[in-house]
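K.L.:
Please find one structure pasted underneath; my questions will follow.
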Amino acid sequence: MSNSVGQRAFHNARLRKRQQAEVLPLLGLALQLHKQGLLPEARNGYRQVLQLEPNQFIALHMLGSLESDAKNYQEAETLLSRAVAVDPKSADAHMSRGVALNKLRRHDEARESYRRALALRPNYALALSNLGNASVTVDLQQALECYDKALAIDANLAEAHNGRGWVLCRLRNYDEAIASLNRALSIKPDYASALANRAIALQELLQFDDAMADCNQAIALAPDEMNGWLGRANVWLQIQQIAEALHDSEKAIALDPDAAQAHLVQGVCLSTLGRVDEALASYDRALEIEPSFPGAISNKIFTLDFVADASVEQHQQARQLWWERIGTTFASEVAGPYDNSRDPDRPLVLGYVSSDFNAHSAAFIFKPVLQYHDRAQFEVVCYSCSSKVDPATAEFQKIADRWRDASQWSDDRLADQIRADGVDILIDLSGHTKGNRLSVFARKPAPIQAHGWGHGTGTGLPTIDYLFSDPVAIPAAVRHLFAETIVDLPCFVTLEPLPMELAGASTPAISNGFITFGVFNRISKISDQAAQAWSRILERVPGSRLLIKDVALDDQLVRDNLLARLAACGVPAERVELLGTTLRVDHLAAFNRVDIALDPFPQNGGVSTLEALQMGVPVVAKLGNSLPSRAAGSILTALGLPDWVTDSEEAYVDIAVSRAAEIGDLDKLRGELPGQVRAAAACNPVAYAQAVDEAYRAMWKRYCSSDV
């Protein structure tokens, strides 16, 4: 028996020797093919080697790297895991395996592979850079340190400059990000990833032409890479080219179905087109991939405003999700006690945080509040979080006692500055809209925090103490659902007074001979339910027309999509006129062509409703369940026009039809409305600001008497 064992051992030894004699030439050939760039042939060569010798380390490593380059990351990870099992002391193999794991979004395992590579080779610059890539999802500062260490070893490592630039973008430091990305491109001019990343920074700085050029070049260099397409989709979206943005976001998804950011951009495009259900599905897909994706949660929150049957409870549950998945991670970073003196009667420092201190509709609402504070009692500090600067920005700079350009500040830096400025009450003016800094409010850098005006629907952050609103917008029966304590004002929004001379002298139907209904709201607010109601109104008011105005209507796809949706709801295209972007004065003058404004639902108008009323145009509004569907009703009630508000679609149609038949009354109301609006506390800027001042003082006294 022992002789038989010896014979088998001798036979196996001869077989291994013969296989090795075959393997080495095959491996050499495969390596040569690889070096020559003949990758399919090299792959086949490595596979032949592994058929003869399954644990051949070089073949496993090289084939795994090729599969990784070909985006076959699962196969690559399997091969490279076998490679490191054969030779656990190969720093290169651990590093290559980390790349595959990171692409599979198994970031923790990727970081461990890079650390093993670095334990074997401490000065391995590329492994340090890749460790930075895998750390981005965990800690941006940690990632930045990895890139800096890599560059200290190899200052010409383009990958580290690129990664550093991307992290600096995430930290909002766009100027320094561009410097890093420029350095990467000086080393590696055809670096598609660096071009795509630079486009992100340029876009944030509103340099859209340069961003578009970088995206186009990235796509030309690497058409099979997702980043260039996604970057260009974002630029198209910013310049209101929705058709192009939707196409490029879909292309990005086709290239990488698990790219959460691409699904987000697709959702924003669909929401802009009024395709609400599809938009929500896109956001949900993004959240399946990346459950703690702030942009996806906030956009879903914003888009729920357009869902007819969404309840207040559903709205607040979505906000609670943001807090649970994102806010709590920052709340744990809250610093120690505040240094603010608890004198209940001293002058207070108010800090306003917004990305809309410019020509933005939200600014028309909150500007009077800032402008008419009692300056003997309140000092105003503005934290501007946008790169957009225009004449309106200059006006806000004059209003502010202290102005902070926080457009390129990280959340940590902004929170630290708020504390350093001694802010007593910090006010969020954005909610879950674009450019918000809610993660700063989650850190609670001021002893009292409030939210209002810019979005005004609640944030879901328990670190925000108060929400400005009114009894119509948020009825008492649902207030327990909000994270914030509700503070009632004369109306939940106000508006900067418009020049009275802009309002028309008479209702246009007198000269036209027909009634013109107007909708001056975002196209995304136009639901099928509202369009069907408008169809019935036009049918019952012979010869009447519908004038719709929105900046999004400059885009042909948006126009075509809207007309098709209106037609499907029974609104004939020949009775619809669409207007796009105009100067502000021309926008307001367009109200002089309207007899009655039709407020959309379920999401109502805010600024547009107040503008119409100040221009003498009455508004028909329908109350819904959630705050966004009660905004216009709140405004009309506060201004003494409750008869124009209803909670029924049929009554909404009846009000519009019956009022359209009373042209004399419409003409009389047109002359009275501008003055009536100005006289009401809801739109008298001094009276409204005084109510806000009183609310702030009450908040502060409550804080001073508490044990918190």
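Ordering of the structure tokens sets the chain letters (A, B, ...), residue numbers begin anew at 1 in every chain, and ligands are numbered from 1 in the order given.
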Please provide the set of residues having any atom within 8 Å of Leu171 of chain A, restricted to only C-alpha atoms, with same-chain residues fewer than 5 positions apart removed, written as a VMD selection string.
P.N.:
chain A and resid 140 408 to 411
K.L.:
For Asn299 of chain A, list every protein, DNA or RNA residue within 9 Å, evaluated using only C-alpha atoms, and leave out those in the same chain fewer than 4 positions away; present the list as a count of residues only.
P.N.:
12
K.L.:
DSSP on the backbone, then: every residue of segment 316-468 of chain A marked helix (DSSP H, G or I), written as a PyMOL selection string.
P.N.:
chain A and resi 316-331+361-371+391-399+411-420+438-443
K.L.:
Residues at most 9 Å from segment 359-366 of chain A, counting only C-alpha atoms, excluding those fewer than 3 positions away in the same chain, as a VMD selection string?
P.N.:
chain A and resid 356 369 to 371 388 to 393 429 to 430 452 to 455 493 to 497 606 to 608
K.L.:
Quick one: residues within 8 Å of Ser384 of chain A, only C-alpha atoms counted, chain neighbours fewer than 5 positions away excluded, as number ranges by chain?
P.N.:
A: 353-357, 403-407
K.L.:
Which residue out of A:Lys103, A:Lys149, A:His34, A:His480 has the minimum interatomic distance to Glu313 of chain A when only C-alpha atoms are used?
P.N.:
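Residue with the minimum atom-to-atom distance to Glu313 of chain A: A:His480.
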K.L.:
List the neighbours of Asp224 of chain A out to 12 Å using only C-alpha atoms; skip same-chain residues closer than 4 positions along the sequence, and give me the result as number ranges by chain.
P.N.:
A: 69-71, 192-193, 218-220, 228-230, 251-256
K.L.:
Compare A:Glu694, A:Asp595, A:Asp87, A:Glu250 by their minimum atom-to-atom distance to Ile663 of chain A, counting only C-alpha atoms, and give me the closest one.
P.N.:
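Closest candidate: A:Asp595.
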K.L.:
Go ahead and compute the interatomic distance for atom CA of Asp667 of chain A and atom CA of Ala509 of chain A, in Å to one decimal.
P.N.:
8.8 Å
K.L.:
For the strand (DSSP E or B) assignment from backbone DSSP, which residues of segment 118-352 of chain A qualify? Please present them as a list in words.
P.N.:
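DSSP on the backbone gives strand (DSSP E or B) at Leu348, Val349, Leu350, Gly351 and Tyr352 of chain A.
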K.L.:
Mind writing the picked residues with N, CA, C and O atoms as a PDB file, in the first residue's frame?
P.N.:
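Written out: result14.pdb:
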ATOM      1  N   LEU A 348     -31.411  91.242  21.126  1.00  0.00           N
ATOM      2  CA  LEU A 348     -31.109  89.874  20.692  1.00  0.00           C
ATOM      3  C   LEU A 348     -30.437  89.859  19.324  1.00  0.00           C
ATOM      4  O   LEU A 348     -30.664  90.750  18.492  1.00  0.00           O
ATOM      5  N   VAL A 349     -29.618  88.838  19.117  1.00  0.00           N
ATOM      6  CA  VAL A 349     -28.966  88.634  17.822  1.00  0.00           C
ATOM      7  C   VAL A 349     -29.753  87.567  17.063  1.00  0.00           C
ATOM      8  O   VAL A 349     -29.892  86.427  17.528  1.00  0.00           O
ATOM      9  N   LEU A 350     -30.281  87.943  15.899  1.00  0.00           N
ATOM     10  CA  LEU A 350     -31.033  87.022  15.045  1.00  0.00           C
ATOM     11  C   LEU A 350     -30.140  86.580  13.893  1.00  0.00           C
ATOM     12  O   LEU A 350     -29.530  87.410  13.219  1.00  0.00           O
ATOM     13  N   GLY A 351     -30.056  85.285  13.660  1.00  0.00           N
ATOM     14  CA  GLY A 351     -29.280  84.766  12.538  1.00  0.00           C
ATOM     15  C   GLY A 351     -30.199  84.149  11.508  1.00  0.00           C
ATOM     16  O   GLY A 351     -30.976  83.240  11.817  1.00  0.00           O
ATOM     17  N   TYR A 352     -30.141  84.651  10.279  1.00  0.00           N
ATOM     18  CA  TYR A 352     -30.974  84.123   9.198  1.00  0.00           C
ATOM     19  C   TYR A 352     -30.094  83.339   8.226  1.00  0.00           C
ATOM     20  O   TYR A 352     -29.098  83.865   7.721  1.00  0.00           O
TER      21      TYR A 352
END
K.L.:
Report the distance between atom CA of Leu414 of chain A and atom CA of Ile464 of chain A in Å, rounded to one decimal place.
P.N.:
16.5 Å
K.L.:
Nearest to Asn521 of chain A among A:Ile178, A:Leu498, A:Ala612, A:Leu33, with distances taken over only C-alpha atoms: which residue is it?
P.N.:
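Using only C-alpha atoms, Asn521 of chain A sits closest to A:Ala612.
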K.L.:
What's the 10 Å shell around Gln241 of chain A, counting only C-alpha atoms, without same-chain residues fewer than 5 positions away, as a JSON list (two decimals) with N, CA, C and O atoms, in the first residue's frame?
P.N.:
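Dumped everything to around.json:
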[["chain", "number", "residue", "atom", "x", "y", "z"],
["A", 233, "ALA", "N", -26.31, 66.28, -17.04],
["A", 233, "ALA", "CA", -27.73, 66.32, -16.68],
["A", 233, "ALA", "C", -27.99, 67.41, -15.64],
["A", 233, "ALA", "O", -28.97, 68.16, -15.72],
["A", 234, "ASN", "N", -27.08, 67.52, -14.67],
["A", 234, "ASN", "CA", -27.23, 68.55, -13.64],
["A", 234, "ASN", "C", -27.13, 69.96, -14.23],
["A", 234, "ASN", "O", -27.88, 70.86, -13.84],
["A", 235, "VAL", "N", -26.21, 70.14, -15.17],
["A", 235, "VAL", "CA", -26.07, 71.47, -15.79],
["A", 235, "VAL", "C", -27.32, 71.80, -16.60],
["A", 235, "VAL", "O", -27.86, 72.91, -16.52],
["A", 236, "TRP", "N", -27.79, 70.83, -17.39],
["A", 236, "TRP", "CA", -29.03, 71.06, -18.17],
["A", 236, "TRP", "C", -30.17, 71.46, -17.24],
["A", 236, "TRP", "O", -30.96, 72.36, -17.56],
["A", 246, "LEU", "N", -33.25, 65.13, -18.68],
["A", 246, "LEU", "CA", -33.88, 63.82, -18.51],
["A", 246, "LEU", "C", -33.15, 62.77, -19.33],
["A", 246, "LEU", "O", -32.88, 61.66, -18.84],
["A", 269, "CYS", "N", -36.26, 66.00, -12.71],
["A", 269, "CYS", "CA", -36.77, 66.26, -14.06],
["A", 269, "CYS", "C", -38.24, 65.87, -14.16],
["A", 269, "CYS", "O", -39.08, 66.63, -14.68],
["A", 552, "ALA", "N", -40.41, 77.93, -16.39],
["A", 552, "ALA", "CA", -40.14, 76.61, -16.97],
["A", 552, "ALA", "C", -40.72, 76.48, -18.37],
["A", 552, "ALA", "O", -40.30, 75.60, -19.14],
["A", 554, "ASP", "N", -40.17, 78.20, -20.85],
["A", 554, "ASP", "CA", -39.18, 78.48, -21.89],
["A", 554, "ASP", "C", -38.70, 77.18, -22.54],
["A", 554, "ASP", "O", -38.18, 77.19, -23.65],
["A", 555, "ASP", "N", -38.87, 76.07, -21.83],
["A", 555, "ASP", "CA", -38.42, 74.76, -22.32],
["A", 555, "ASP", "C", -39.52, 74.13, -23.15],
["A", 555, "ASP", "O", -40.65, 73.96, -22.68],
["A", 556, "GLN", "N", -39.20, 73.75, -24.39],
["A", 556, "GLN", "CA", -40.21, 73.23, -25.30],
["A", 556, "GLN", "C", -40.83, 71.93, -24.80],
["A", 556, "GLN", "O", -42.03, 71.70, -24.95],
["A", 557, "LEU", "N", -40.01, 71.06, -24.20],
["A", 557, "LEU", "CA", -40.55, 69.82, -23.66],
["A", 557, "LEU", "C", -41.59, 70.10, -22.58],
["A", 557, "LEU", "O", -42.64, 69.45, -22.53],
["A", 558, "VAL", "N", -41.30, 71.07, -21.72],
["A", 558, "VAL", "CA", -42.25, 71.42, -20.66],
["A", 558, "VAL", "C", -43.55, 71.94, -21.26],
["A", 558, "VAL", "O", -44.65, 71.57, -20.84]]
K.L.:
Excluding Ala446 of chain A and residues on its chain fewer than 4 positions from it, collect all residues at most 9 Å away from it, counting only C-alpha atoms, and give them as a PyMOL selection string.
P.N.:
chain A and resi 338+340+351+415+418-419+422-426+441
K.L.:
Write the residues of the preceding selection, restricted to C-alpha atoms, as a compact mmCIF listing (two decimals), in the first residue's frame.
P.N.:
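This went into part.txt:
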# COMPACT_ATOMS: atom_id res chain seq x y z
CA TYR A 338 -24.26 78.27 25.18
CA ASN A 340 -25.49 83.67 25.51
CA GLY A 351 -29.28 84.77 12.54
CA ALA A 415 -22.03 76.16 12.88
CA ILE A 418 -22.94 81.06 14.31
CA ARG A 419 -21.72 80.31 17.83
CA GLY A 422 -23.40 84.96 19.57
CA VAL A 423 -26.65 84.26 17.73
CA ASP A 424 -29.57 83.97 20.14
CA ILE A 425 -32.26 82.87 17.68
CA LEU A 426 -31.29 81.12 14.44
CA PHE A 441 -29.60 73.22 12.38
K.L.:
Which residue, A:Leu39, A:Val617, A:Val440, A:Leu461, has the smallest gap to Phe482 of chain A when you use only C-alpha atoms?
P.N.:
A:Leu461
K.L.:
From the set A:Gln377, A:Gln449, A:Thr581, A:Thr272, which residue has the shortest atom-to-atom contact distance to Asp693 of chain A, counting only C-alpha atoms?
P.N.:
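Smallest separation from Asp693 of chain A among the options: A:Gln377.
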K.L.:
Using atom CA of Leu79 of chain A and atom CA of Val99 of chain A as the two end points, give the distance in Å to one decimal.
P.N.:
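For atom CA of Leu79 of chain A relative to atom CA of Val99 of chain A, the distance reads 12.7 Å.
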